[in-house]
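With mmCIF, C-alpha atoms inside, this is entry.cif:
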```cif
data_my_file
#
loop_
_atom_site.label_atom_id
_atom_site.label_comp_id
_atom_site.auth_asym_id
_atom_site.auth_seq_id
_atom_site.Cartn_x
_atom_site.Cartn_y
_atom_site.Cartn_z
CA MET I 1206 131.92 197.82 55.92
CA LEU I 1207 132.36 197.17 52.25
CA ASP I 1208 131.30 193.88 50.84
CA ALA I 1209 134.27 191.78 49.82
CA ARG I 1210 133.10 192.02 46.25
CA VAL I 1211 133.56 195.78 46.37
CA SER I 1212 137.28 195.73 46.84
CA PRO I 1213 138.91 199.04 45.89
CA CYS I 1214 141.12 197.09 43.50
CA VAL I 1215 138.21 195.85 41.44
CA GLU I 1216 136.40 198.15 39.06
CA LEU I 1217 132.87 196.80 39.08
CA SER I 1218 130.35 197.77 36.47
CA ASP I 1219 127.41 199.98 37.30
CA GLY I 1220 125.10 197.00 36.96
CA ALA I 1221 127.12 194.92 39.41
CA LEU I 1222 127.26 197.74 41.95
CA VAL I 1223 123.53 198.37 41.70
CA ASP I 1224 122.95 194.67 42.24
CA ILE I 1225 125.13 194.68 45.36
CA VAL I 1226 123.36 197.73 46.77
CA LEU I 1227 119.97 196.17 46.14
CA LYS I 1228 121.09 193.09 48.02
CA GLY I 1229 121.59 195.23 51.10
CA ASP I 1230 125.13 196.60 50.95
CA SER I 1231 124.42 200.32 50.99
CA GLU I 1232 128.16 201.11 51.19
CA ALA I 1233 128.56 199.97 47.61
CA TYR I 1234 126.52 203.01 46.63
CA ALA I 1235 129.54 205.16 47.59
CA LYS I 1236 131.31 203.69 44.56
CA LEU I 1237 128.56 204.91 42.29
CA VAL I 1238 128.61 208.32 43.95
CA ALA I 1239 132.37 208.59 43.40
CA ARG I 1240 132.02 207.44 39.81
CA TYR I 1241 129.51 210.10 38.76
CA ARG I 1242 130.14 212.88 41.27
CA ASP I 1243 132.50 215.17 39.37
CA ARG I 1244 130.98 214.77 35.93
CA TYR I 1245 127.44 215.36 37.11
CA ALA I 1246 128.51 218.20 39.41
CA ARG I 1247 129.74 219.92 36.27
CA PHE I 1248 126.42 219.32 34.51
CA ALA I 1249 124.47 220.67 37.51
CA LEU I 1250 126.74 223.70 37.77
CA HIS I 1251 126.19 224.59 34.12
CA MET I 1252 122.45 224.03 34.45
CA LEU I 1253 122.06 226.12 37.60
CA GLY I 1254 124.88 228.63 37.34
CA ASN I 1255 126.13 228.44 40.89
CA ARG I 1256 128.04 225.89 42.86
CA GLU I 1257 125.92 225.80 45.99
CA ASP I 1258 122.69 225.02 44.15
CA ALA I 1259 124.51 222.53 41.95
CA GLU I 1260 125.88 220.57 44.88
CA GLU I 1261 122.49 220.58 46.57
CA ALA I 1262 120.74 219.32 43.44
CA LEU I 1263 123.39 216.65 42.92
CA GLN I 1264 123.18 215.45 46.52
CA ASP I 1265 119.41 215.33 46.26
CA ALA I 1266 119.65 213.34 43.02
CA PHE I 1267 122.03 210.79 44.54
CA VAL I 1268 119.82 210.32 47.61
CA ARG I 1269 116.67 210.00 45.51
CA GLY I 1270 118.52 207.61 43.24
CA TYR I 1271 119.43 205.41 46.18
CA ARG I 1272 115.91 205.38 47.58
CA SER I 1273 114.46 204.48 44.18
CA LEU I 1274 117.20 202.17 43.04
CA HIS I 1275 114.81 199.25 42.78
CA ARG I 1276 113.07 201.25 40.03
CA CYS I 1277 116.18 201.47 37.88
CA GLY I 1278 114.98 199.34 35.00
CA ASP I 1279 118.43 198.79 33.48
CA PRO I 1280 121.14 198.82 36.18
CA ALA I 1281 123.84 198.76 33.50
CA ARG I 1282 122.64 202.23 32.53
CA PHE I 1283 122.55 203.59 36.05
CA GLY I 1284 124.42 206.70 34.89
CA SER I 1285 121.74 207.72 32.40
CA TRP I 1286 119.01 206.97 34.90
CA LEU I 1287 120.72 209.11 37.53
CA LEU I 1288 121.22 211.92 35.02
CA ALA I 1289 117.47 211.90 34.37
CA ILE I 1290 116.86 212.41 38.08
CA LEU I 1291 119.51 215.13 38.25
CA ALA I 1292 118.14 216.95 35.19
CA ASN I 1293 114.76 216.98 36.85
CA ARG I 1294 116.16 218.29 40.12
CA CYS I 1295 117.98 221.02 38.18
CA ARG I 1296 114.75 222.03 36.48
CA THR I 1297 112.98 222.23 39.81
CA ALA I 1298 115.80 224.17 41.45
CA GLY I 1299 116.21 226.37 38.38
CA GLY I 1300 112.55 227.31 38.42
CA ARG I 1301 112.76 228.15 42.10
CA ASN I 1302 115.78 230.36 41.58
CA SER I 1303 114.91 231.89 38.23
CA ARG I 1304 113.77 235.18 39.71
CA ARG I 1305 117.00 235.58 41.61
CA GLU I 1306 119.07 234.62 38.59
CA ARG I 1307 117.30 237.13 36.39
CA ARG I 1308 118.04 239.87 38.90
CA PHE I 1309 121.66 238.85 38.95
CA VAL I 1310 121.90 238.90 35.18
CA SER I 1311 120.27 242.27 34.79
CA ALA I 1312 122.45 243.81 37.48
CA GLU I 1313 125.56 242.56 35.73
CA ASP I 1314 124.28 243.29 32.29
CA ARG I 1315 127.22 243.90 30.00
CA HIS I 1316 128.23 242.95 26.53
CA TYR I 1317 131.31 240.90 25.89
CA ALA I 1318 132.80 239.62 22.71
CA ILE I 1319 134.77 236.47 23.02
CA ALA I 1320 138.48 237.08 22.44
CA LEU I 1321 139.80 233.85 21.09
CA ASP I 1322 142.97 235.62 20.04
CA HIS I 1323 143.71 236.22 23.71
CA PRO I 1324 143.23 232.89 25.43
CA ALA I 1325 145.11 234.21 28.45
CA ASP I 1326 141.92 235.91 29.47
CA ALA I 1327 140.38 232.59 30.42
CA SER I 1328 138.45 233.95 33.33
CA ALA I 1329 136.54 236.48 31.22
CA LEU I 1330 135.93 233.79 28.64
CA ARG I 1331 134.47 231.43 31.22
CA GLU I 1332 132.34 234.20 32.63
CA GLU I 1333 130.96 235.10 29.23
CA ILE I 1334 130.25 231.48 28.29
CA GLY I 1335 128.43 231.00 31.59
CA ARG I 1336 126.44 234.14 31.01
CA ALA I 1337 125.44 233.03 27.52
CA LEU I 1338 124.49 229.62 28.80
CA SER I 1339 122.32 231.11 31.54
CA ARG I 1340 120.35 233.06 28.94
CA LEU I 1341 119.29 229.96 27.05
CA ASP I 1342 115.94 228.60 28.07
CA VAL I 1343 116.19 225.50 30.22
CA ASP I 1344 115.29 223.02 27.45
CA GLN I 1345 117.93 224.44 25.13
CA ARG I 1346 120.56 224.65 27.86
CA GLU I 1347 119.96 221.06 28.90
CA ALA I 1348 120.09 219.81 25.30
CA PHE I 1349 123.20 221.82 24.49
CA LEU I 1350 125.04 220.55 27.55
CA MET I 1351 124.09 216.94 26.95
CA LYS I 1352 125.06 217.06 23.29
CA HIS I 1353 128.15 219.25 23.23
CA VAL I 1354 129.53 218.99 26.75
CA GLU I 1355 128.52 215.51 27.91
CA GLU I 1356 128.81 214.34 24.28
CA MET I 1357 125.75 212.13 24.43
CA GLU I 1358 124.02 210.56 21.44
CA TYR I 1359 120.55 211.86 20.63
CA GLU I 1360 119.01 208.47 21.38
CA GLN I 1361 120.56 208.50 24.83
CA MET I 1362 119.40 212.08 25.38
CA ALA I 1363 115.88 211.02 24.42
CA VAL I 1364 115.92 208.30 27.07
CA VAL I 1365 117.19 210.70 29.72
CA THR I 1366 114.94 213.66 28.93
CA GLY I 1367 111.82 211.89 27.68
CA ALA I 1368 111.80 214.24 24.67
CA GLY I 1369 111.84 213.00 21.07
CA VAL I 1370 115.03 212.96 19.01
CA SER I 1371 113.60 215.48 16.58
CA ALA I 1372 112.70 217.91 19.35
CA LEU I 1373 116.14 217.51 20.88
CA LYS I 1374 117.88 218.24 17.58
CA MET I 1375 115.83 221.39 17.28
CA ARG I 1376 116.73 222.46 20.81
CA VAL I 1377 120.43 221.88 20.18
CA LYS I 1378 120.31 223.75 16.89
CA ARG I 1379 118.59 226.75 18.43
CA ALA I 1380 120.89 226.68 21.43
CA CYS I 1381 123.92 226.71 19.13
CA GLU I 1382 122.54 229.59 17.12
CA ARG I 1383 121.89 231.66 20.22
CA MET I 1384 125.21 230.79 21.80
CA ARG I 1385 127.02 231.79 18.59
CA ARG I 1386 125.21 235.12 18.47
CA MET I 1387 125.79 235.87 22.12
CA LEU I 1388 129.44 234.92 22.05
CA THR I 1389 130.34 236.70 18.82
CA GLU I 1390 127.99 239.65 18.72
CA GLY I 1391 127.19 240.16 22.37
CA GLU I 1392 123.52 239.52 21.65
CA ASP I 1393 121.79 239.04 24.96
CA ALA I 1394 118.09 239.20 24.27
CA PRO I 1395 116.10 236.79 26.40
CA ALA I 1396 115.16 233.44 24.83
CA ARG I 1397 112.15 233.64 22.58
CA MET D 1453 136.81 236.38 -2.42
CA ARG D 1454 133.54 237.20 -0.72
CA GLN D 1455 132.67 233.52 -0.64
CA HIS D 1456 136.06 232.81 0.90
CA ASP D 1457 135.42 235.42 3.62
CA GLU D 1458 132.03 233.92 4.44
CA SER D 1459 133.54 230.48 4.68
CA ASP D 1460 136.21 231.81 7.06
CA ALA D 1461 133.52 233.51 9.13
CA ALA D 1462 131.54 230.27 9.38
CA ALA D 1463 134.63 228.39 10.49
CA GLU D 1464 135.32 231.07 13.08
CA VAL D 1465 131.82 230.77 14.48
CA ASP D 1466 132.23 227.01 14.69
CA ASP D 1467 135.52 227.58 16.49
CA VAL D 1468 133.73 229.81 18.93
CA LEU D 1469 131.23 227.09 19.80
CA LYS D 1470 133.94 224.47 19.88
CA SER D 1471 135.97 226.56 22.29
CA ALA D 1472 132.92 227.18 24.45
CA ALA D 1473 132.16 223.46 24.63
CA GLU D 1474 135.78 222.68 25.49
CA GLU D 1475 135.70 225.27 28.23
CA LEU D 1476 132.49 223.80 29.60
CA ARG D 1477 133.98 220.31 29.54
CA ARG D 1478 136.74 221.31 31.93
CA PRO D 1479 136.45 219.05 34.97
CA LEU D 1480 134.88 220.50 38.05
CA ARG D 1481 136.36 219.51 41.35
CA ILE D 1482 134.24 219.53 44.42
CA ASP D 1483 135.16 218.54 47.95
CA ALA D 1484 134.76 214.83 47.32
CA ALA D 1485 135.18 213.65 50.89
CA LEU D 1486 132.67 216.12 52.27
CA PHE D 1487 130.17 215.59 49.46
CA ASP D 1488 130.35 211.79 49.61
CA ALA D 1489 129.98 211.87 53.40
CA ARG D 1490 126.86 214.03 53.12
CA VAL D 1491 125.29 211.73 50.53
CA MET D 1492 126.10 208.55 52.40
CA ASP D 1493 124.87 210.07 55.66
CA GLU D 1494 121.51 210.72 53.99
CA VAL D 1495 121.58 207.22 52.52
CA HIS D 1496 122.14 205.68 55.92
CA ARG D 1497 119.55 207.87 57.57
CA GLY D 1498 117.04 206.93 54.88
CA ALA D 1499 117.82 203.29 55.49
CA GLY D 1500 116.84 203.82 59.12
CA GLY D 1501 113.47 202.28 58.56
CA PHE D 1502 110.00 203.02 57.41
CA ARG D 1503 108.79 203.97 60.89
CA GLU D 1504 111.43 206.62 61.25
CA ARG D 1505 110.55 208.07 57.86
CA MET D 1506 106.85 208.02 58.63
CA ALA D 1507 107.57 209.80 61.91
CA ARG D 1508 109.31 212.53 59.97
CA LEU D 1509 106.47 212.72 57.49
CA THR D 1510 103.77 212.92 60.14
CA ARG D 1511 105.58 215.48 62.27
CA PRO D 1512 103.49 218.67 62.49
CA ARG D 1513 104.79 221.21 60.04
CA THR D 1514 104.12 224.76 59.08
CA PHE D 1515 103.48 225.31 55.41
CA ARG D 1516 103.96 228.66 53.80
CA VAL D 1517 101.68 229.17 50.84
CA SER D 1518 100.94 232.23 48.79
CA PRO D 1519 97.40 233.63 49.03
CA LEU D 1520 96.84 232.64 45.39
CA THR D 1521 97.91 229.05 46.05
CA ALA D 1522 95.72 228.89 49.14
CA LEU D 1523 92.75 230.19 47.18
CA ALA D 1524 93.37 227.69 44.39
CA ALA D 1525 93.71 224.81 46.87
CA THR D 1526 90.50 225.84 48.61
CA LEU D 1527 88.65 225.97 45.31
CA VAL D 1528 89.97 222.59 44.20
CA PHE D 1529 88.98 221.08 47.55
CA ALA D 1530 85.51 222.61 47.42
CA VAL D 1531 84.92 221.44 43.87
CA ALA D 1532 86.22 217.96 44.66
CA ILE D 1533 83.94 217.60 47.68
CA GLY D 1534 81.01 219.20 45.90
CA ALA D 1535 81.23 216.96 42.91
CA GLY D 1536 81.96 213.89 44.97
CA VAL D 1537 85.55 212.84 44.78
CA LEU D 1538 84.41 209.31 44.00
CA ALA D 1539 83.84 210.46 40.47
CA LEU D 1540 87.59 210.79 40.05
CA ARG D 1541 87.98 207.08 40.54
CA PRO D 1542 87.32 204.60 37.80
CA SER D 1543 84.21 202.62 37.47
CA ARG D 1544 86.45 199.71 36.61
CA ALA D 1545 87.74 199.64 40.19
CA ARG D 1546 84.18 199.06 41.39
CA VAL D 1547 85.04 199.89 44.96
CA PRO D 1548 83.99 202.94 46.89
CA LEU D 1549 87.29 204.79 46.85
CA SER D 1550 87.93 208.34 47.86
CA ASP D 1551 90.93 210.58 47.48
CA VAL D 1552 90.23 212.29 50.72
CA ALA D 1553 88.85 210.44 53.69
CA ARG D 1554 88.49 211.93 57.12
CA ALA D 1555 90.64 210.67 59.94
CA GLY D 1556 90.01 212.99 62.82
CA ALA D 1557 92.97 215.09 63.83
CA GLY D 1558 95.61 212.89 62.17
CA SER D 1559 96.63 212.66 58.55
CA PRO D 1560 93.73 212.03 56.19
CA LEU D 1561 93.22 208.38 55.40
CA VAL D 1562 93.38 207.76 51.70
CA GLN D 1563 92.03 204.58 50.18
CA PHE D 1564 93.83 203.18 47.16
CA GLY D 1565 92.39 200.53 44.87
CA PHE D 1566 93.71 198.60 41.92
CA VAL D 1567 92.11 195.94 39.74
CA ALA D 1568 94.41 193.02 38.99
CA PRO D 1569 92.50 189.71 38.80
CA ASN D 1570 95.57 187.63 37.98
CA ALA D 1571 98.05 189.19 40.38
CA SER D 1572 99.46 187.35 43.33
CA SER D 1573 100.43 190.57 45.09
CA VAL D 1574 99.93 194.30 44.71
CA ALA D 1575 101.78 196.96 46.70
CA LEU D 1576 101.50 200.70 46.94
CA VAL D 1577 104.66 202.74 46.50
CA GLY D 1578 105.00 206.48 46.64
CA ASP D 1579 106.97 209.38 47.96
CA PHE D 1580 105.16 208.85 51.27
CA ASN D 1581 106.79 205.43 51.80
CA ASP D 1582 110.07 206.01 49.98
CA TRP D 1583 108.90 203.89 47.07
CA ASP D 1584 109.34 200.77 49.14
CA PRO D 1585 107.37 197.87 47.59
CA LYS D 1586 107.41 196.02 50.91
CA ALA D 1587 105.98 198.83 52.99
CA THR D 1588 102.33 198.98 51.92
CA PRO D 1589 100.82 195.79 50.49
CA LEU D 1590 97.23 195.89 49.24
CA ARG D 1591 94.65 193.35 50.38
CA ALA D 1592 92.68 191.40 47.83
CA ALA D 1593 88.91 191.39 48.00
CA SER D 1594 87.34 187.94 47.96
CA THR D 1595 86.12 188.40 44.39
CA GLY D 1596 86.66 190.63 41.39
CA GLY D 1597 90.42 190.96 41.56
CA VAL D 1598 90.14 194.23 43.45
CA TRP D 1599 93.02 195.12 45.72
CA SER D 1600 92.83 197.94 48.22
CA VAL D 1601 94.53 199.56 51.16
CA GLU D 1602 93.91 202.58 53.34
CA VAL D 1603 96.88 204.73 54.30
CA PRO D 1604 97.26 207.92 56.35
CA ILE D 1605 98.89 210.50 54.14
CA GLN D 1606 100.05 213.98 54.94
CA PRO D 1607 98.31 216.82 53.13
CA GLY D 1608 100.09 217.88 49.98
CA ARG D 1609 100.83 216.63 46.51
CA HIS D 1610 102.15 213.10 46.27
CA LEU D 1611 103.31 210.78 43.53
CA TYR D 1612 102.58 207.08 43.69
CA ALA D 1613 102.23 203.86 41.71
CA PHE D 1614 101.38 200.21 42.22
CA VAL D 1615 103.77 197.27 42.05
CA VAL D 1616 102.16 194.11 40.74
CA ASP D 1617 103.74 190.76 41.60
CA GLY D 1618 106.75 192.51 43.03
CA THR D 1619 108.17 193.64 39.73
CA VAL D 1620 105.72 195.39 37.42
CA TRP D 1621 105.16 199.08 38.10
CA ARG D 1622 101.81 200.50 37.09
CA PRO D 1623 100.35 203.98 37.47
CA ASP D 1624 96.86 204.27 38.87
CA PRO D 1625 94.56 204.23 35.83
CA ALA D 1626 92.10 206.31 37.81
CA ALA D 1627 94.38 209.20 38.63
CA PRO D 1628 96.18 211.89 36.66
CA GLN D 1629 99.61 210.82 35.51
CA ALA D 1630 102.68 212.83 36.39
CA THR D 1631 105.10 212.06 33.61
CA GLY D 1632 108.72 213.05 33.50
CA GLU D 1633 109.07 213.51 37.23
CA ASP D 1634 112.43 212.19 38.32
CA TYR D 1635 112.45 208.69 37.02
CA GLY D 1636 111.24 208.90 33.44
CA GLU D 1637 108.33 206.58 34.18
CA PRO D 1638 104.75 207.66 34.63
CA ASN D 1639 103.56 207.97 38.18
CA SER D 1640 100.15 208.97 39.43
CA ALA D 1641 99.54 212.21 41.22
CA LEU D 1642 97.40 212.68 44.29
CA THR D 1643 96.66 215.84 46.21
CA VAL D 1644 95.55 215.37 49.80
CA VAL D 1645 93.87 218.34 51.36
CA ALA D 1646 93.69 218.73 55.12
CA GLU D 1647 90.17 218.86 56.44
CA GLN D 1648 89.30 222.30 57.68
CA GLY D 1649 89.80 222.59 61.42
CA SER D 1650 91.90 219.47 61.66
CA ARG D 1651 95.02 221.45 62.49
#
```
Would you encode the structure as structure tokens?
Amino acid sequence: MLDARVSPCVELSDGALVDIVLKGDSEAYAKLVARYRDRYARFALHMLGNREDAEEALQDAFVRGYRSLHRCGDPARFGSWLLAILANRCRTAGGRNSRRERRFVSAEDRHYAIALDHPADASALREEIGRALSRLDVDQREAFLMKHVEEMEYEQMAVVTGAGVSALKMRVKRACERMRRMLTEGEDAPAR
Amino acid sequence: MRQHDESDAAAEVDDVLKSAAEELRRPLRIDAALFDARVMDEVHRGAGGFRERMARLTRPRTFRVSPLTALAATLVFAVAIGAGVLALRPSRARVPLSDVARAGAGSPLVQFGFVAPNASSVALVGDFNDWDPKATPLRAASTGGVWSVEVPIQPGRHLYAFVVDGTVWRPDPAAPQATGEDYGEPNSALTVVAEQGSR
């Protein structure tokens, strides 16, 4: 049963919800799950390349987040803290699946050039973007997604990833260069 | 003219990336009801109590390891025993601690120690007790500010830390730190090796 303070009509802040959960109302955690579910599912999908692994990593992150909630140093930034857990789960799952992914990529190995003049072909476009993304190394993919898809500031990315701002800028720059090449020239050499 | 063409090309490339990012920003819909139910089911099961979780942890399991991993684990164990695992612990703890203690057929007992002369409480938290600061308090020695506790822990690699006075998280200064694992804070790493013949 939801605490009276967690009325569906009231949009509580992350910090307030974390506080309520820590006081023993585990149902309030459902609000946090609903708040971040879709956005972080997208991040996990782009990191891992398939829906099943993404949902598993996201579920694992939410459960680990709940069990470690008392370690969330700044409840107002629960979202960033959870993203750090999710990014780590994605790295672990990505490493486990990398062999399978490489086999998939090589079996489907084809060159595409993005056809921006023909936006109707959205499915091929999505496929090619996903393929390019999967060929970035994990650091570059993570940085690119955080910067250009999640639209995070470098300082926030540094908190989430534990990497320095300078290193993150470099990762984003290299990721952009490789993505450009792959999407315009069909370059598909593995990350160096 | 050539400069104009290059400028157009650069803009086109930027458009390519911009379009890619926009495509990647498209919302992803998952089965919210099913997903939320699965998460909250795990949350409620996890809230079932420390005993239940310990029962799951101590349930006999079969581990599949590659021959290389098994060889590496055997070597690490042999070296640790040969050199005396006590050497891994700090002299500043000044208590006879060991990473691997023998506990018959059950999980190995592992003794943890932490020096905190001014603390009013110290607790052990780790993946083996769901990071619960109330689950495993350390006992203070009569002098020296040394706190210790002995805990049965399943073989494998574990992360842990100490909680001082209920709020301050500290890694074990005597153990290797495992940074960047899950929570962005340093934890300590511990590998417990099952005694040969105990399974």
On this structure, which residues satisfy the PyMOL selection byres ((chain I and resi 1333-1339) around 7), written as an mmCIF file with C-alpha atoms, in the coordinates of the input?
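part.cif, freshly written:
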```
data_model
loop_
_atom_site.group_PDB
_atom_site.id
_atom_site.type_symbol
_atom_site.label_atom_id
_atom_site.label_comp_id
_atom_site.auth_asym_id
_atom_site.auth_seq_id
_atom_site.Cartn_x
_atom_site.Cartn_y
_atom_site.Cartn_z
ATOM 1 C CA GLY I 1254 124.880 228.630 37.340
ATOM 2 C CA TYR I 1317 131.310 240.900 25.890
ATOM 3 C CA ALA I 1329 136.540 236.480 31.220
ATOM 4 C CA LEU I 1330 135.930 233.790 28.640
ATOM 5 C CA ARG I 1331 134.470 231.430 31.220
ATOM 6 C CA GLU I 1332 132.340 234.200 32.630
ATOM 7 C CA ARG I 1340 120.350 233.060 28.940
ATOM 8 C CA LEU I 1341 119.290 229.960 27.050
ATOM 9 C CA ARG I 1346 120.560 224.650 27.860
ATOM 10 C CA MET I 1384 125.210 230.790 21.800
ATOM 11 C CA MET I 1387 125.790 235.870 22.120
ATOM 12 C CA ALA D 1472 132.920 227.180 24.450
#
```
Quiz item: Near stretch 1282-1288 of chain I, counting all atoms listed in the file, which residues have an atom at most 10 Å away, once you skip same-chain residues fewer than 5 positions from it, shown as JSON, numbers by chain?
Solution: {"I": [1218, 1219, 1220, 1222, 1223, 1237, 1240, 1241, 1245, 1248, 1249, 1263, 1266, 1267, 1269, 1270, 1271, 1274, 1276, 1277, 1293, 1294, 1351, 1357, 1361, 1362, 1364, 1365, 1366], "D": [1634, 1635, 1636]}
Quiz item: So, counting all atoms listed in the file, which residue among D:Ser1640, D:Ser1573, D:Asn1581, D:Ser1594 is closest to chain I?
Solution: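 Looking only at the distances to chain I, the closest residue turns out to be D:Asn1581.
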Exercise. Mind listing whatever residues come within 10 Å of the point (105.4, 190.5, 38.2)? Use all atoms listed in the file, file coordinates, and give them as a list in words.
Key: Ala1571, Ser1572, Ser1573, Val1574, Val1615, Val1616, Asp1617, Gly1618, Thr1619, Val1620 and Trp1621 of chain D
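Look at everything within 8 Å of (100.1, 207.1, 52.9) using all atoms listed in the file, and the residues you get are Leu1561, Val1562, Gly1578, Phe1580, Asn1581, Glu1602, Val1603, Pro1604, Ile1605 and Gln1606 of chain D.
Distance annotation: of I:Val1343, I:Leu1373, I:Ile1290, I:Leu1350, the residue with the minimal separation from chain D is I:Ile1290; atom set is only C-alpha atoms.
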